[in-house]
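First comes the structure, then the notes that go with it.
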Amino acid sequence: MRKFFLILILSTLTIFVFSSQGVRLKDIAKFRGARDNQLFGVGIVVGLNGTGDSTLVPSTLISNMLKNFGIKVEPSTLKSKNSALVMVTADIPPFYREGMRLDVVVSSLGDAKSLRGGVLVQTPLYGADGKVYAVAQGQISVGGEDVNQSMNLQSRYKVVGYIPNGAIVEREIPSEIVSDNSVTILLNEPDFTTAARVSQAINEKFEDYLAKAMDASSIRVRIPKVFEDDVITFLAILEDIEIVPDSPARVIVNERTGTVVFGGNVKISDCAISYGNFSVVIRSGKIGDNRSESTVENLVSALKALGATPQDIIAIIQAIKRAGALHAELVVM
């Protein structure tokens with residue numbers, strides 16, 4: 001009964017906190033032990049319309065496969081361009097059980113011109129430990145469009161294909177989240193401030209000292225006794241806690257597309273900007289005559305009002321950074 005009322009109270013608090021400007025913990029972090037694993041294998045694609053490999057390697061593999069059916073055929077007699085040697089890759093998420101399906105990517109290893117219309121023959125997929133965890137098979141989709149020069153569409157990339165739900169899980173990958181009666185939360189973006197906020201929010205939620213930030217990326221949380229026999233409910237409550245994550249000031253510019261992305265409050269120190277026909281002075285934390293706060297957001301707005309192009313704005317931001325007046329990390333793509 002005590003556990004029921006505790007869950008009810010915590011759920012009510014979650015709804016109350018939802019109106020804040022935070023994000024759910026599950027959107028910025030994950031539990032240690034719950035991770036994806038990569039699988040890979042080498043297989044044969046058949047049924048190609050003369051667009052496969054020109055070498056004998058696929059024919060040799062097909063010949064070996066036919067021996068399992070009691071059919072003996074020399075590789076030289078099987079040589080054709082209707083098959084291709086491929087690499088098959090997939091990611092298996094945590095907690096996937098036997099019989100569940102995975103999407104797979106099929107990529108040509110030889111000189112095949114296209115995998116379009118081909119069928120992947122049953123291919124075992126291995127983990128890093130050399131064990132088979134899934135088996136892939138199915139018809140390949142290459143996507144895209146068949147286009148001509150007069151059409152402004154993305155052309156089809158034909159030597160990499162995709163099989164939705166093309167693999168069946170045959171072996172489970174063990175996932176261990178609980179260790180020493182505690183769980184560890186890993187932030188997707190390590191940050192000391194965010195880690196401290198997560199720890200504080202969890203302790204306030206449960207009105208107990210359960211969480212402690214170990215470093216910039218991990219927070220260790222003790223499982224309270226009332227949830228020792230129902231860890232899943234405890235994890236669900238943790239995931240639903242809202243946090244206001246912190247992040248360093250960062251400005252990202254893409255010179256090819258003229259794109260500028262920045263945080264809402266990136267500061268600029270006092271400086272004078274002269275670029276072509278544009279002249280802007282930042283003095284005492286204010287921009288020009290409109291006296292707006294000296295942030296990148298306000299500077300970009302002021303430059304756009306003066307008729308600056310995206311390329312002009314990017315060049316000015318880069319110059320401000322080199323002058324040491326931009327208080328943010330500048331990432332040029």
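How things are named: the first chain in the structure tokens is A, the next is B, and so on; residues count from 1 in each chain; ligands count from 1 in the order shown.
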
(message) I'd like the neighbourhood of Leu210 (chain A) as a PyMOL selection string, where a residue qualifies if any of its atoms comes within 7 Å (using only C-alpha atoms), though same-chain residues fewer than 3 positions away should be ignored.
(response) chain A and resi 203+221-222

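Omitting Gln311 (chain A) and its sequence neighbours fewer than 4 positions away, and counting only C-alpha atoms, the residues within 8 Å are Glu255, Gly258 and Ala315 of chain A.
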
(request) Within region 38-238 of chain A, find each residue whose DSSP state, derived from the backbone, is alpha helix (DSSP H), and express the selection as a ChimeraX atom specification. (result) /A:57-67,75-78,192-206,231-238

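The shortest atom-to-atom distance to Val106 (chain A), with only C-alpha atoms taken into account, belongs to A:Val86 out of A:Asn298, A:Val86, A:Cys271, A:Asp229.
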
(request) From a DSSP pass on the backbone, collect the residues of region 69-214 of chain A flagged as strand (DSSP E) and hand them back as an MDAnalysis selection string. (result) chainID A and resid 83:92 101:108 119:126 132:139 160:169 182:187 211:213

Could the residues in this selection be saved with N, CA and C atoms as a compact mmCIF listing (two decimals), in the first residue's frame?
# COMPACT_ATOMS: atom_id res chain seq x y z
N SER A 83 24.64 -12.40 -59.49
CA SER A 83 24.86 -12.49 -58.04
C SER A 83 25.97 -11.53 -57.63
N ALA A 84 26.00 -11.21 -56.34
CA ALA A 84 27.00 -10.25 -55.85
C ALA A 84 27.36 -10.58 -54.41
N LEU A 85 28.63 -10.37 -54.08
CA LEU A 85 29.12 -10.51 -52.71
C LEU A 85 28.83 -9.22 -51.95
N VAL A 86 28.24 -9.34 -50.75
CA VAL A 86 27.81 -8.14 -50.02
C VAL A 86 28.19 -8.23 -48.54
N MET A 87 28.29 -7.06 -47.92
CA MET A 87 28.43 -6.96 -46.48
C MET A 87 27.07 -6.58 -45.91
N VAL A 88 26.64 -7.30 -44.88
CA VAL A 88 25.34 -7.06 -44.24
C VAL A 88 25.58 -6.54 -42.82
N THR A 89 24.99 -5.40 -42.49
CA THR A 89 25.19 -4.80 -41.17
C THR A 89 23.84 -4.47 -40.53
N ALA A 90 23.83 -4.45 -39.20
CA ALA A 90 22.61 -4.12 -38.46
C ALA A 90 22.99 -3.71 -37.05
N ASP A 91 22.13 -2.95 -36.40
CA ASP A 91 22.27 -2.61 -34.99
C ASP A 91 21.16 -3.31 -34.21
N ILE A 92 21.52 -3.98 -33.14
CA ILE A 92 20.52 -4.64 -32.30
C ILE A 92 20.37 -3.83 -31.00
N ARG A 101 12.56 -8.64 -34.85
CA ARG A 101 13.19 -8.36 -36.14
C ARG A 101 14.00 -7.06 -36.13
N LEU A 102 15.03 -7.03 -37.01
CA LEU A 102 15.91 -5.89 -37.14
C LEU A 102 15.94 -5.43 -38.60
N ASP A 103 16.18 -4.13 -38.80
CA ASP A 103 16.45 -3.62 -40.14
C ASP A 103 17.91 -3.87 -40.48
N VAL A 104 18.20 -4.18 -41.75
CA VAL A 104 19.58 -4.43 -42.15
C VAL A 104 19.94 -3.59 -43.37
N VAL A 105 21.23 -3.29 -43.47
CA VAL A 105 21.79 -2.57 -44.61
C VAL A 105 22.70 -3.53 -45.37
N VAL A 106 22.56 -3.58 -46.70
CA VAL A 106 23.32 -4.48 -47.55
C VAL A 106 24.19 -3.65 -48.49
N SER A 107 25.51 -3.87 -48.48
CA SER A 107 26.45 -3.07 -49.27
C SER A 107 27.32 -3.98 -50.14
N SER A 108 27.49 -3.59 -51.38
CA SER A 108 28.28 -4.39 -52.32
C SER A 108 29.75 -4.39 -51.93
N VAL A 119 17.86 -10.46 -54.08
CA VAL A 119 17.39 -11.08 -52.85
C VAL A 119 18.60 -11.57 -52.06
N LEU A 120 18.69 -11.16 -50.82
CA LEU A 120 19.77 -11.62 -49.95
C LEU A 120 19.48 -13.03 -49.47
N VAL A 121 20.43 -13.94 -49.70
CA VAL A 121 20.31 -15.31 -49.22
C VAL A 121 20.64 -15.33 -47.72
N GLN A 122 20.01 -16.24 -46.99
CA GLN A 122 20.16 -16.31 -45.53
C GLN A 122 21.61 -16.11 -45.09
N THR A 123 21.82 -15.06 -44.27
CA THR A 123 23.17 -14.66 -43.86
C THR A 123 23.24 -14.52 -42.35
N PRO A 124 24.12 -15.27 -41.68
CA PRO A 124 24.28 -15.09 -40.22
C PRO A 124 24.97 -13.76 -39.91
N LEU A 125 24.51 -13.10 -38.87
CA LEU A 125 25.09 -11.82 -38.44
C LEU A 125 25.79 -12.03 -37.10
N TYR A 126 27.06 -11.62 -37.05
CA TYR A 126 27.91 -11.87 -35.90
C TYR A 126 28.08 -10.60 -35.06
N VAL A 132 26.87 -15.74 -33.38
CA VAL A 132 25.76 -15.35 -34.25
C VAL A 132 24.58 -14.89 -33.39
N TYR A 133 24.10 -13.67 -33.65
CA TYR A 133 22.99 -13.13 -32.89
C TYR A 133 21.73 -12.93 -33.72
N ALA A 134 21.85 -12.94 -35.04
CA ALA A 134 20.69 -12.77 -35.90
C ALA A 134 20.98 -13.39 -37.26
N VAL A 135 19.91 -13.62 -38.02
CA VAL A 135 20.03 -14.16 -39.38
C VAL A 135 19.21 -13.26 -40.29
N ALA A 136 19.84 -12.82 -41.41
CA ALA A 136 19.20 -11.89 -42.33
C ALA A 136 18.86 -12.56 -43.65
N GLN A 137 17.73 -12.15 -44.22
CA GLN A 137 17.33 -12.64 -45.53
C GLN A 137 16.19 -11.78 -46.04
N GLY A 138 16.10 -11.60 -47.36
CA GLY A 138 14.96 -10.86 -47.89
C GLY A 138 15.30 -10.08 -49.14
N GLN A 139 14.26 -9.46 -49.72
CA GLN A 139 14.41 -8.68 -50.93
C GLN A 139 14.96 -7.30 -50.61
N VAL A 160 24.10 0.07 -52.52
CA VAL A 160 23.77 -0.08 -51.10
C VAL A 160 22.26 -0.21 -51.00
N GLY A 161 21.79 -1.27 -50.34
CA GLY A 161 20.37 -1.51 -50.21
C GLY A 161 19.94 -1.65 -48.77
N TYR A 162 18.63 -1.81 -48.59
CA TYR A 162 18.03 -1.79 -47.26
C TYR A 162 16.94 -2.85 -47.22
N ILE A 163 16.88 -3.64 -46.13
CA ILE A 163 15.82 -4.63 -45.95
C ILE A 163 15.11 -4.33 -44.63
N PRO A 164 13.94 -3.70 -44.67
CA PRO A 164 13.19 -3.45 -43.43
C PRO A 164 12.80 -4.77 -42.76
N ASN A 165 13.06 -4.88 -41.47
CA ASN A 165 12.75 -6.11 -40.71
C ASN A 165 13.37 -7.34 -41.38
N GLY A 166 14.56 -7.16 -41.94
CA GLY A 166 15.17 -8.22 -42.72
C GLY A 166 15.94 -9.25 -41.92
N ALA A 167 16.09 -9.06 -40.63
CA ALA A 167 16.84 -10.02 -39.81
C ALA A 167 16.00 -10.44 -38.61
N ILE A 168 16.15 -11.70 -38.23
CA ILE A 168 15.45 -12.24 -37.06
C ILE A 168 16.48 -12.51 -35.97
N VAL A 169 16.21 -12.02 -34.77
CA VAL A 169 17.12 -12.22 -33.64
C VAL A 169 17.08 -13.69 -33.22
N SER A 182 21.88 -0.44 -7.41
CA SER A 182 21.84 0.92 -7.92
C SER A 182 21.92 0.88 -9.44
N VAL A 183 21.54 1.99 -10.06
CA VAL A 183 21.63 2.13 -11.51
C VAL A 183 22.47 3.38 -11.80
N THR A 184 23.07 3.40 -12.97
CA THR A 184 23.87 4.55 -13.37
C THR A 184 23.28 5.18 -14.61
N ILE A 185 23.04 6.47 -14.55
CA ILE A 185 22.50 7.24 -15.67
C ILE A 185 23.66 7.88 -16.41
N LEU A 186 23.68 7.72 -17.75
CA LEU A 186 24.73 8.30 -18.58
C LEU A 186 24.14 9.40 -19.45
N LEU A 187 24.68 10.60 -19.34
CA LEU A 187 24.21 11.72 -20.15
C LEU A 187 24.68 11.56 -21.59
N ALA A 211 20.63 9.96 -5.36
CA ALA A 211 21.48 10.18 -6.54
C ALA A 211 22.72 10.98 -6.20
N LYS A 212 23.80 10.65 -6.89
CA LYS A 212 25.05 11.38 -6.74
C LYS A 212 25.76 11.43 -8.08
N ALA A 213 26.12 12.64 -8.52
CA ALA A 213 26.85 12.81 -9.78
C ALA A 213 28.28 12.34 -9.57

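With distances restricted to only C-alpha atoms, A:Ala272 is the closest residue to Ala323 (chain A) from A:Val296, A:Leu306, A:Ala236, A:Ala272.
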
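Distance check against Ala128 (chain A) using only C-alpha atoms: of A:Pro248, A:Arg220, A:Leu39, A:Ala195, the minimum falls on A:Leu39.
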
(message) I need the residue nearest Phe31 (chain A) from this list: A:Leu78, A:Leu238, A:Ala201, A:Ile223. Use only C-alpha atoms for the distance.
(response) A:Leu238
